Amino acid sequence: MARKKKEKAPVQADLPENTVFITITADILQETDAAILIRCGEVEDWLPLSQIEFTGTKGDTGVVINLPEWLGDEKGLTDGMGAAPAPTDAEQADASGEDDAATDEPGASAVANDQNWLRQETITVTQELTQAEKAEYAEEMARLDDEIEELETERDRVSKALKKQIDAKEDERRALSKVVREGTETREIFCDLVADYNTCEMVWTDAHPPHEEVRRRKMTAEERQLPLTMNTRPDSVGQPSDDEPDSSKEQPDDAPGFDAHDADVTGEDTAADDGPDDADLDPDYPHIPPMAAHADAEAVQ
């Protein structure tokens with residue numbers, strides 16, 4: 001035989017007879033000897049038992065509670081709050097014949113007669129995995145392991161390449177730091193070498209304008225020997241003139257510039273062409289008559 005459910009005792013407030021009451025409908029969440037925790041709409045708060053009248057206990061929903069108007073103002077509760085809206089005449093007529101069909105409709109939520117539906121919401125719970133879900137998650141883990149391995153390999157490759165670039169940049173920076181610290185730099189400069197017999201020095205000047213002096217040093221004993229003629233800087237440095245014939249090719253006897261007294265033709269020795277004559281000397285370069293330069297050189301010796 002089923003045990004009869006214990007009847008709930010009503011709670012009566014001990015208040016003056018002229019107290020103005022309001023009525024709300026709420027769910028009882030917790031209870032103590034002095035108060036109950038209720039939820040009414042969006043309000044969730046404690047109500048003292050000495051100030052309210054209701055019939056119910058913890059876990060009950062849709063409980064009608066009478067409380068003083070001043071307490072309702074303090075808690076943010078208004079008269080009629082939490083009660084379901086009264087159905088219209090059409091809704092009452094439809095409910096009389098469609099209550100049974102509504103519970104059988106797919107997707108409809110079944111609500112017992114002694115429960116009050118409030119709203120729909122999404123909650124987070126912990127549930128057991130099925131075998132199919134476990135297998136699916138295992139495959140996903142294996143795929144992620146492969147992707148992680150590929151990314152780690154790519155990271156190592158990129159890291160090595162970046163390290164090489166960083167090392168090269170650091171070497172370049174160290175070289176620049178040394179140049180800045182010492183204030184000098186080793187460079188290759190295309191120069192003209194001039195023998196200055198006035199000072200008995202070998203002088204290197206930049207082959208390109210403005211022909212700045214790059215270096216000079218004292219002549220050796222061999223270098224102090226005066227040449228028969230003085231050479232001048234050629235007009236086009238390092239490039240043969242287009243008008244000059246190529247000496248590597250054999251020229252005919254009647255070709256322009258052919259010397260009929262050439263040693264190969266006449267058998268006679270001719271004076272070597274040691275350079276242009278004095279009329280071709282460049283005025284920008286120091287020129288000293290051979291005899292004067294020879295005298296100066298001997299004076300230095």
# chains A, B, ... in the order shown; residues from 1 in each chain; ligands from 1
>>> residues_around(residues="Ala26 in chain A", least_positions_apart="2", cutoff="9 Å", atoms="only C-alpha atoms", output="PyMOL selection string")
chain A and resi 24+28+38-41+60-65+81-83
>>> select_by_dssp(residues="range 165-213 of chain A", states="alpha helix (DSSP H)", output="count of residues only")
18
>>> select_by_dssp(residues="range 147-201 of chain A", states="strand (DSSP E)", output="list in words")
Cys191, Asp192, Leu193, Val194, Ala195, Asp196 and Glu201 of chain A
>>> closest_residue(among="A:Thr199, A:Gln120, A:Thr23, A:Thr205", to="Arg224 in chain A", atoms="only C-alpha atoms")
A:Thr199
>>> atom_distance(atom1="CA of Met202 in chain A", atom2="CA of Arg217 in chain A")
5.3 Å
>>> closest_residue(among="A:Leu193, A:Leu47, A:Ala207, A:Ile123", to="Ala34 in chain A", atoms="only C-alpha atoms")
A:Leu47
>>> closest_residue(among="A:Ala13, A:Asp192, A:Thr220, A:Glu149", to="Pro234 in chain A", atoms="only C-alpha atoms")
A:Asp192
>>> closest_residue(among="A:Thr229, A:Thr78, A:Thr130, A:Thr184", to="Asn66 in chain A", atoms="only C-alpha atoms")
A:Thr78
>>> closest_residue(among="A:Glu121, A:Asp79, A:Glu172, A:Glu182", to="Ile22 in chain A", atoms="only C-alpha atoms")
A:Asp79
>>> atom_distance(atom1="CA of Gly59 in chain A", atom2="CA of Gln12 in chain A")
19.5 Å
>>> atom_distance(atom1="CA of Pro10 in chain A", atom2="CA of Thr32 in chain A")
15.1 Å
